[in-house]
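> So here's coords.txt (compact mmCIF, C-alpha atoms).
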# COMPACT_ATOMS: atom_id res chain seq x y z
CA MET A 73 54.57 18.05 -3.20
CA GLN A 74 52.38 18.91 -0.21
CA ARG A 75 53.84 21.48 2.16
CA ILE A 76 54.30 20.30 5.76
CA ALA A 77 53.89 22.66 8.70
CA VAL A 78 54.66 21.96 12.36
CA VAL A 79 52.68 24.20 14.73
CA THR A 80 53.36 24.28 18.47
CA GLY A 81 50.78 25.35 21.02
CA ALA A 82 48.16 24.19 18.52
CA SER A 83 45.44 22.98 20.89
CA SER A 84 43.69 26.37 21.17
CA GLY A 85 43.90 30.08 20.52
CA ILE A 86 46.37 31.45 18.00
CA GLY A 87 47.96 28.06 17.28
CA ALA A 88 44.62 26.43 16.48
CA GLU A 89 43.60 29.28 14.18
CA ILE A 90 46.96 29.24 12.39
CA SER A 91 46.56 25.50 11.81
CA ARG A 92 43.02 25.92 10.45
CA LEU A 93 44.07 28.67 8.07
CA LEU A 94 47.13 26.79 6.86
CA ALA A 95 44.99 23.72 6.19
CA ARG A 96 42.57 25.83 4.15
CA ARG A 97 45.55 27.05 2.14
CA GLY A 98 46.60 23.50 1.31
CA TRP A 99 49.19 22.84 4.02
CA TYR A 100 49.39 19.54 5.89
CA CYS A 101 49.73 20.37 9.58
CA VAL A 102 51.44 18.47 12.37
CA LEU A 103 50.11 19.79 15.67
CA LEU A 104 52.05 19.90 18.94
CA ALA A 105 50.63 20.67 22.38
CA ARG A 106 49.91 19.08 25.75
CA ARG A 107 46.15 18.43 25.60
CA GLU A 108 45.41 15.30 23.61
CA ASP A 109 41.63 15.73 23.45
CA ARG A 110 41.97 19.17 21.86
CA LEU A 111 44.74 18.05 19.51
CA ARG A 112 42.88 14.97 18.33
CA ALA A 113 39.72 16.95 17.59
CA LEU A 114 41.59 19.63 15.66
CA ALA A 115 43.69 17.11 13.73
CA GLU A 116 40.51 15.34 12.65
CA GLU A 117 38.92 18.67 11.71
CA ILE A 118 41.78 19.77 9.46
CA ARG A 119 42.88 16.27 8.38
CA GLY A 120 46.31 16.61 9.91
CA GLU A 121 48.17 14.78 12.66
CA TYR A 122 49.43 15.51 16.13
CA GLU A 123 52.02 14.67 18.74
CA LEU A 124 51.72 15.30 22.46
CA CYS A 125 54.58 17.55 23.48
CA ASP A 126 55.43 20.00 26.23
CA VAL A 127 57.93 22.31 24.52
CA GLY A 128 59.24 23.30 27.94
CA ASP A 129 60.73 19.80 28.20
CA ARG A 130 63.71 19.44 25.87
CA GLU A 131 63.64 15.65 25.89
CA ALA A 132 59.94 15.67 25.02
CA VAL A 133 60.67 17.97 22.06
CA ASP A 134 63.43 15.69 20.81
CA ARG A 135 61.24 12.58 21.13
CA ALA A 136 58.34 14.20 19.28
CA ALA A 137 60.68 15.46 16.55
CA VAL A 138 62.13 11.98 16.01
CA ARG A 139 58.64 10.55 15.53
CA ILE A 140 57.62 13.34 13.16
CA LEU A 141 60.81 13.20 11.10
CA GLU A 142 60.33 9.47 10.62
CA ARG A 143 57.14 10.36 8.74
CA HIS A 144 58.23 13.67 7.19
CA SER A 145 61.86 14.13 6.22
CA SER A 146 61.20 17.68 4.99
CA ILE A 147 59.43 20.39 6.97
CA HIS A 148 58.50 23.56 5.09
CA LEU A 149 57.27 25.62 8.03
CA LEU A 150 57.80 25.65 11.80
CA VAL A 151 55.52 27.89 13.85
CA ASN A 152 56.87 28.43 17.36
CA ASN A 153 53.63 29.55 18.96
CA ALA A 154 53.51 27.68 22.29
CA GLY A 155 53.52 29.99 25.28
CA ILE A 156 52.18 30.42 28.78
CA PRO A 157 51.04 33.60 30.53
CA ALA A 158 52.70 34.89 33.68
CA ARG A 159 50.67 37.54 35.40
CA SER A 160 53.24 37.92 38.18
CA THR A 161 56.24 40.06 39.04
CA PHE A 162 59.87 39.08 39.58
CA LEU A 163 59.21 39.21 43.33
CA GLU A 164 56.91 36.20 43.19
CA GLY A 165 55.83 33.58 40.65
CA ASP A 166 57.88 31.06 38.71
CA PRO A 167 60.14 32.74 36.10
CA GLU A 168 61.92 29.45 35.31
CA THR A 169 58.81 27.69 33.96
CA VAL A 170 57.85 30.72 31.88
CA MET A 171 61.34 30.97 30.41
CA ARG A 172 61.50 27.26 29.55
CA THR A 173 58.24 27.35 27.62
CA ASN A 174 58.27 30.79 26.02
CA TYR A 175 61.97 31.03 25.22
CA PHE A 176 63.85 27.73 25.41
CA GLY A 177 60.95 25.84 23.81
CA GLY A 178 61.44 27.75 20.57
CA ILE A 179 65.17 27.09 20.57
CA TRP A 180 64.71 23.38 21.19
CA CYS A 181 62.08 23.08 18.45
CA LEU A 182 64.23 24.94 15.93
CA ARG A 183 67.25 22.74 16.68
CA ALA A 184 65.18 19.56 16.46
CA PHE A 185 63.53 20.44 13.15
CA LEU A 186 66.36 22.39 11.49
CA PRO A 187 67.67 19.46 9.39
CA ALA A 188 64.18 18.96 7.97
CA LEU A 189 63.76 22.69 7.38
CA GLU A 190 67.05 22.79 5.48
CA ALA A 191 66.00 19.72 3.49
CA ALA A 192 62.88 21.62 2.39
CA ALA A 193 64.64 24.94 1.73
CA PRO A 194 63.45 27.50 0.95
CA SER A 195 61.49 27.09 4.18
CA ASP A 196 60.17 29.28 6.96
CA VAL A 197 60.11 29.65 10.74
CA VAL A 198 57.58 31.88 12.48
CA ASN A 199 58.22 32.89 16.08
CA VAL A 200 55.09 34.27 17.73
CA VAL A 201 56.60 36.71 20.21
CA SER A 202 54.66 39.67 21.70
CA VAL A 203 54.83 43.41 22.13
CA ALA A 204 55.90 42.40 25.64
CA GLY A 205 59.19 41.53 23.94
CA VAL A 206 59.90 45.25 23.48
CA VAL A 207 58.00 46.74 26.45
CA ALA A 208 58.53 45.52 30.02
CA PHE A 209 55.40 45.74 32.18
CA PRO A 210 55.93 45.44 35.97
CA PRO A 211 52.96 43.10 36.64
CA SER A 212 54.23 40.66 34.01
CA GLY A 213 57.99 40.98 34.41
CA PRO A 214 58.93 37.29 33.92
CA TYR A 215 56.65 37.05 30.89
CA SER A 216 58.21 40.18 29.36
CA ALA A 217 61.69 38.79 30.05
CA SER A 218 60.86 35.54 28.29
CA LYS A 219 59.56 37.48 25.30
CA HIS A 220 62.60 39.79 25.25
CA ALA A 221 64.76 36.67 25.10
CA GLN A 222 62.57 35.11 22.42
CA LEU A 223 62.84 38.29 20.35
CA ALA A 224 66.64 38.24 20.55
CA PHE A 225 66.62 34.55 19.56
CA SER A 226 64.36 35.30 16.61
CA ARG A 227 66.39 38.25 15.37
CA ALA A 228 69.70 36.41 15.68
CA THR A 229 68.50 33.29 13.87
CA ALA A 230 66.86 35.41 11.15
CA ALA A 231 70.34 36.61 10.21
CA GLN A 232 72.09 33.29 10.82
CA LEU A 233 69.73 31.08 8.80
CA ARG A 234 69.15 33.35 5.82
CA SER A 235 72.12 31.91 3.91
CA ARG A 236 70.86 28.37 4.64
CA GLY A 237 67.55 28.95 2.90
CA VAL A 238 65.46 29.28 6.07
CA ARG A 239 63.54 32.53 6.53
CA VAL A 240 62.70 33.52 10.10
CA HIS A 241 59.66 35.73 10.73
CA THR A 242 59.05 37.48 14.05
CA VAL A 243 55.41 38.29 14.79
CA LYS A 244 54.72 40.55 17.77
CA PRO A 245 50.99 40.60 18.64
CA GLY A 246 49.45 43.08 21.02
CA PHE A 247 46.55 42.17 23.29
CA VAL A 248 44.79 39.05 21.94
CA GLU A 249 41.77 37.42 23.55
CA THR A 250 42.34 33.67 23.90
CA GLU A 251 41.60 30.94 26.42
CA GLY A 252 45.14 31.05 27.80
CA PHE A 253 45.43 34.84 27.66
CA PRO A 254 42.07 36.36 28.71
CA GLN A 255 42.12 40.14 28.56
CA GLY A 256 39.26 40.92 30.94
CA TRP A 257 41.73 42.50 33.37
CA LEU A 258 42.31 45.43 31.01
CA PRO A 259 40.62 48.77 31.79
CA ARG A 260 37.46 49.12 29.71
CA PRO A 261 38.86 51.89 27.42
CA MET A 262 41.74 49.60 26.42
CA ARG A 263 39.56 46.65 25.54
CA ARG A 264 38.77 48.23 22.19
CA PHE A 265 42.35 47.44 21.19
CA VAL A 266 41.99 43.70 21.87
CA ILE A 267 41.80 41.51 18.76
CA GLY A 268 40.96 37.87 18.14
CA PRO A 269 43.33 35.00 17.30
CA GLU A 270 41.96 34.81 13.77
CA LYS A 271 43.58 38.15 12.96
CA ILE A 272 46.95 36.92 14.19
CA ALA A 273 46.59 33.74 12.13
CA GLU A 274 45.91 35.78 9.00
CA HIS A 275 48.95 37.93 9.72
CA VAL A 276 51.21 34.91 10.32
CA VAL A 277 50.21 33.21 7.07
CA ALA A 278 50.59 36.46 5.14
CA SER A 279 54.05 36.91 6.66
CA VAL A 280 55.10 33.53 5.31
CA GLU A 281 53.55 34.12 1.91
CA HIS A 282 55.06 37.58 1.47
CA GLY A 283 58.34 37.23 3.38
CA ARG A 284 57.61 40.00 5.86
CA GLY A 285 60.31 39.23 8.45
CA GLU A 286 59.69 41.10 11.73
CA THR A 287 56.28 42.72 12.20
CA THR A 288 53.94 44.02 14.89
CA VAL A 289 50.20 43.36 14.76
CA PRO A 290 48.27 45.61 14.91
CA ARG A 291 50.95 48.02 13.71
CA TYR A 292 50.11 50.77 16.19
CA TYR A 293 51.41 48.65 19.07
CA ALA A 294 54.93 49.31 17.75
CA ILE A 295 54.83 52.75 19.38
CA GLY A 296 55.22 51.11 22.79
CA GLY A 297 58.58 49.64 21.84
CA VAL A 298 59.73 52.97 20.40
CA LEU A 299 58.79 54.80 23.61
CA GLN A 300 60.60 52.32 25.83
CA ALA A 301 63.71 52.42 23.64
CA LEU A 302 63.85 56.22 23.46
CA LEU A 303 62.45 57.17 26.88
CA PRO A 304 63.07 54.25 29.25
CA ASN A 305 63.39 56.42 32.39
CA VAL A 306 60.22 58.36 31.68
CA LEU A 307 58.26 55.16 31.05
CA ALA A 308 59.65 53.61 34.25
CA ARG A 309 58.43 56.59 36.27
CA VAL A 310 54.99 56.41 34.68
CA LEU A 311 54.64 52.65 35.25
CA GLY A 312 55.98 52.98 38.78
CA ARG A 313 53.39 55.47 39.99
CA PRO A 314 51.14 54.37 42.86
CA GLY A 315 47.98 52.78 41.57
CA LYS A 316 49.58 51.52 38.39
CA PRO A 317 49.21 47.77 37.73
Here is a file; write its structure as structure tokens.

Amino acid sequence: MQRIAVVTGASSGIGAEISRLLARRGWYCVLLARREDRLRALAEEIRGEYELCDVGDREAVDRAAVRILERHSSIHLLVNNAGIPARSTFLEGDPETVMRTNYFGGIWCLRAFLPALEAAAPSDVVNVVSVAGVVAFPPSGPYSASKHAQLAFSRATAAQLRSRGVRVHTVKPGFVETEGFPQGWLPRPMRRFVIGPEKIAEHVVASVEHGRGETTVPRYYAIGGVLQALLPNVLARVLGRPGKP
């Protein structure tokens, strides 16, 4: 039986690379995103299929899931990768849109596809979170908040779904250079720590194959979460200094 994977945010970046790698490993991929031209081209490239879907719209998620489940009653893997950047603080910007896409979108997709995941059990869910889920940066406060929420969702469902044969993996990337998340704003010394989406795709697929659970990639980014957990007041003073981003 061919394994079926649903990948959100698949039109570019990490989602596209995950889909390509899964296809090379023998998976049949169903791609979800908002840009039909990109989705069609990638689906043709990897011999998969696609559905237009804005995961920030719950009704759109439910409609897409109904169409997919009519064709595939069992889903072996759901990759909640869709996300939008938010280079703004809580004092401006649009936190609601960021939260709907980065946090609620994953919840709505899991609920919509859970019956099919249970039908295929043992099956897997991968939530692509971020190190921003454990470290709150002032210039990206709403984005960090959405990723903090997504991390809590991922950890809670990892425990809740284990007994139902669905493994939940939490992947927390550091700085990744993609179309939607360009990293040119970083100071030059920090750019050496930026990696490409192909590395994240390899890590995601390895997590599924080896049952890794919650991981940070690259591993050294985990120190940021440790520092914020142990020394939150010190980190707040450092980040709040004049001249800091």
> Smallest atom-to-atom distance to Leu93 of chain A: which of A:Gly177, A:Gly296, A:Pro269, A:Gly283, using only C-alpha atoms?
A:Pro269
> Residues near Ser279 of chain A, anyone? I mean within 12 Å using all atoms listed in the file, not counting same-chain ones fewer than 3 positions away, as an mmCIF file with C-alpha atoms, in the coordinates of the input.

data_model
loop_
_atom_site.group_PDB
_atom_site.id
_atom_site.type_symbol
_atom_site.label_atom_id
_atom_site.label_comp_id
_atom_site.auth_asym_id
_atom_site.auth_seq_id
_atom_site.Cartn_x
_atom_site.Cartn_y
_atom_site.Cartn_z
ATOM 1 C CA ILE A 90 46.960 29.240 12.390
ATOM 2 C CA LEU A 149 57.270 25.620 8.030
ATOM 3 C CA VAL A 151 55.520 27.890 13.850
ATOM 4 C CA ASP A 196 60.170 29.280 6.960
ATOM 5 C CA VAL A 197 60.110 29.650 10.740
ATOM 6 C CA VAL A 198 57.580 31.880 12.480
ATOM 7 C CA ASN A 199 58.220 32.890 16.080
ATOM 8 C CA VAL A 200 55.090 34.270 17.730
ATOM 9 C CA ARG A 239 63.540 32.530 6.530
ATOM 10 C CA VAL A 240 62.700 33.520 10.100
ATOM 11 C CA HIS A 241 59.660 35.730 10.730
ATOM 12 C CA THR A 242 59.050 37.480 14.050
ATOM 13 C CA VAL A 243 55.410 38.290 14.790
ATOM 14 C CA LYS A 244 54.720 40.550 17.770
ATOM 15 C CA ILE A 272 46.950 36.920 14.190
ATOM 16 C CA ALA A 273 46.590 33.740 12.130
ATOM 17 C CA GLU A 274 45.910 35.780 9.000
ATOM 18 C CA HIS A 275 48.950 37.930 9.720
ATOM 19 C CA VAL A 276 51.210 34.910 10.320
ATOM 20 C CA HIS A 282 55.060 37.580 1.470
ATOM 21 C CA GLY A 283 58.340 37.230 3.380
ATOM 22 C CA ARG A 284 57.610 40.000 5.860
ATOM 23 C CA GLY A 285 60.310 39.230 8.450
ATOM 24 C CA GLU A 286 59.690 41.100 11.730
ATOM 25 C CA THR A 287 56.280 42.720 12.200
ATOM 26 C CA THR A 288 53.940 44.020 14.890
ATOM 27 C CA VAL A 289 50.200 43.360 14.760
#
> Write out as a tab-separated table the residues of segment 141-254 of chain A that have any atom within 10 Å of an atom of segment 103-120 of chain A, one row each with the nearest atom pair and its distance in Å to one decimal, counting all atoms listed in the file, sorted by chain and then rising number.

residue	atom	partner	partner_atom	distance
A:Val151	CA	A:Leu103	CA	9.9
A:Asn152	CA	A:Leu104	CA	9.9
A:Asn153	CA	A:Leu104	CA	9.8
A:Ala154	CA	A:Ala105	CA	7.6
> May I have the protein, DNA and RNA residues with any atom at most 10 Å from the point (57.7, 31.9, 26.5), counting all atoms listed in the file, written as a VMD selection string?
chain A and resid 127 to 128 152 to 158 167 169 to 178 200 to 202 214 to 222
> Up to 12 Å from (66.0, 19.0, 7.0) in the file's coordinates: name the residues, counting all atoms listed in the file, as a ChimeraX atom specification.
/A:76,137,140-142,144-150,182-196,236-238
> Just to confirm, what's the straight-line distance from atom CA of Ala208 of chain A to atom CA of Pro304 of chain A in Å (one decimal)?
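Value for the atom CA of Ala208 of chain A-atom CA of Pro304 of chain A distance: 9.9 Å.
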> Atom CA of Glu281 of chain A and atom CA of Asp134 of chain A, how far apart in Å?
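Result for atom CA of Asp134 of chain A versus atom CA of Glu281 of chain A: 28.2 Å, one decimal.
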> With distances taken over only C-alpha atoms, which residue among A:Leu94, A:Ile179, A:Val277, A:Ala228 lies nearest Ala77 of chain A?
A:Leu94
> Quote the spacing between atom CA of Arg96 of chain A and atom CA of Ile267 of chain A in Å to one decimal place.
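Separation of atom CA of Arg96 of chain A and atom CA of Ile267 of chain A: 21.4 Å.
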> Please complete segment 204-228 of chain A with N, CA and C atoms and give it back as a PDB file, keeping the file's coordinate frame.

ATOM      1  N   ALA A 204      55.206  42.484  24.345  1.00  0.00           N
ATOM      2  CA  ALA A 204      55.900  42.400  25.640  1.00  0.00           C
ATOM      3  C   ALA A 204      57.379  42.127  25.440  1.00  0.00           C
ATOM      4  N   GLY A 205      57.781  41.726  24.236  1.00  0.00           N
ATOM      5  CA  GLY A 205      59.190  41.530  23.940  1.00  0.00           C
ATOM      6  C   GLY A 205      59.952  42.824  23.760  1.00  0.00           C
ATOM      7  N   VAL A 206      59.232  43.945  23.629  1.00  0.00           N
ATOM      8  CA  VAL A 206      59.900  45.250  23.480  1.00  0.00           C
ATOM      9  C   VAL A 206      59.469  46.235  24.556  1.00  0.00           C
ATOM     10  N   VAL A 207      58.445  45.885  25.346  1.00  0.00           N
ATOM     11  CA  VAL A 207      58.000  46.740  26.450  1.00  0.00           C
ATOM     12  C   VAL A 207      57.893  45.876  27.702  1.00  0.00           C
ATOM     13  N   ALA A 208      58.546  46.288  28.772  1.00  0.00           N
ATOM     14  CA  ALA A 208      58.530  45.520  30.020  1.00  0.00           C
ATOM     15  C   ALA A 208      57.492  46.097  30.973  1.00  0.00           C
ATOM     16  N   PHE A 209      56.449  45.307  31.258  1.00  0.00           N
ATOM     17  CA  PHE A 209      55.400  45.740  32.180  1.00  0.00           C
ATOM     18  C   PHE A 209      55.666  45.139  33.556  1.00  0.00           C
ATOM     19  N   PRO A 210      55.648  45.947  34.622  1.00  0.00           N
ATOM     20  CA  PRO A 210      55.930  45.440  35.970  1.00  0.00           C
ATOM     21  C   PRO A 210      55.077  44.250  36.405  1.00  0.00           C
ATOM     22  N   PRO A 211      53.753  44.229  36.142  1.00  0.00           N
ATOM     23  CA  PRO A 211      52.960  43.100  36.640  1.00  0.00           C
ATOM     24  C   PRO A 211      53.186  41.802  35.882  1.00  0.00           C
ATOM     25  N   SER A 212      53.943  41.867  34.796  1.00  0.00           N
ATOM     26  CA  SER A 212      54.230  40.660  34.010  1.00  0.00           C
ATOM     27  C   SER A 212      55.708  40.601  33.667  1.00  0.00           C
ATOM     28  N   GLY A 213      56.549  40.920  34.657  1.00  0.00           N
ATOM     29  CA  GLY A 213      57.990  40.980  34.410  1.00  0.00           C
ATOM     30  C   GLY A 213      58.592  39.715  33.846  1.00  0.00           C
ATOM     31  N   PRO A 214      58.359  38.527  34.456  1.00  0.00           N
ATOM     32  CA  PRO A 214      58.930  37.290  33.920  1.00  0.00           C
ATOM     33  C   PRO A 214      58.444  36.986  32.511  1.00  0.00           C
ATOM     34  N   TYR A 215      57.176  37.274  32.241  1.00  0.00           N
ATOM     35  CA  TYR A 215      56.650  37.050  30.890  1.00  0.00           C
ATOM     36  C   TYR A 215      57.369  37.965  29.894  1.00  0.00           C
ATOM     37  N   SER A 216      57.498  39.250  30.239  1.00  0.00           N
ATOM     38  CA  SER A 216      58.210  40.180  29.360  1.00  0.00           C
ATOM     39  C   SER A 216      59.647  39.733  29.136  1.00  0.00           C
ATOM     40  N   ALA A 217      60.307  39.256  30.190  1.00  0.00           N
ATOM     41  CA  ALA A 217      61.690  38.790  30.050  1.00  0.00           C
ATOM     42  C   ALA A 217      61.780  37.620  29.093  1.00  0.00           C
ATOM     43  N   SER A 218      60.830  36.695  29.194  1.00  0.00           N
ATOM     44  CA  SER A 218      60.860  35.540  28.290  1.00  0.00           C
ATOM     45  C   SER A 218      60.654  35.968  26.846  1.00  0.00           C
ATOM     46  N   LYS A 219      59.822  37.002  26.653  1.00  0.00           N
ATOM     47  CA  LYS A 219      59.560  37.480  25.300  1.00  0.00           C
ATOM     48  C   LYS A 219      60.705  38.346  24.774  1.00  0.00           C
ATOM     49  N   HIS A 220      61.375  39.083  25.658  1.00  0.00           N
ATOM     50  CA  HIS A 220      62.600  39.790  25.250  1.00  0.00           C
ATOM     51  C   HIS A 220      63.633  38.781  24.750  1.00  0.00           C
ATOM     52  N   ALA A 221      63.796  37.698  25.494  1.00  0.00           N
ATOM     53  CA  ALA A 221      64.760  36.670  25.100  1.00  0.00           C
ATOM     54  C   ALA A 221      64.346  36.010  23.789  1.00  0.00           C
ATOM     55  N   GLN A 222      63.061  35.730  23.646  1.00  0.00           N
ATOM     56  CA  GLN A 222      62.570  35.110  22.420  1.00  0.00           C
ATOM     57  C   GLN A 222      62.784  36.035  21.217  1.00  0.00           C
ATOM     58  N   LEU A 223      62.619  37.334  21.435  1.00  0.00           N
ATOM     59  CA  LEU A 223      62.840  38.290  20.350  1.00  0.00           C
ATOM     60  C   LEU A 223      64.302  38.300  19.917  1.00  0.00           C
ATOM     61  N   ALA A 224      65.219  38.276  20.887  1.00  0.00           N
ATOM     62  CA  ALA A 224      66.640  38.240  20.550  1.00  0.00           C
ATOM     63  C   ALA A 224      66.984  36.955  19.794  1.00  0.00           C
ATOM     64  N   PHE A 225      66.429  35.831  20.245  1.00  0.00           N
ATOM     65  CA  PHE A 225      66.620  34.550  19.560  1.00  0.00           C
ATOM     66  C   PHE A 225      66.122  34.634  18.120  1.00  0.00           C
ATOM     67  N   SER A 226      64.947  35.230  17.937  1.00  0.00           N
ATOM     68  CA  SER A 226      64.360  35.300  16.610  1.00  0.00           C
ATOM     69  C   SER A 226      65.179  36.196  15.684  1.00  0.00           C
ATOM     70  N   ARG A 227      65.601  37.335  16.196  1.00  0.00           N
ATOM     71  CA  ARG A 227      66.390  38.250  15.370  1.00  0.00           C
ATOM     72  C   ARG A 227      67.748  37.649  14.996  1.00  0.00           C
ATOM     73  N   ALA A 228      68.390  36.994  15.948  1.00  0.00           N
ATOM     74  CA  ALA A 228      69.700  36.410  15.680  1.00  0.00           C
ATOM     75  C   ALA A 228      69.617  35.283  14.659  1.00  0.00           C
TER      76      ALA A 228
END
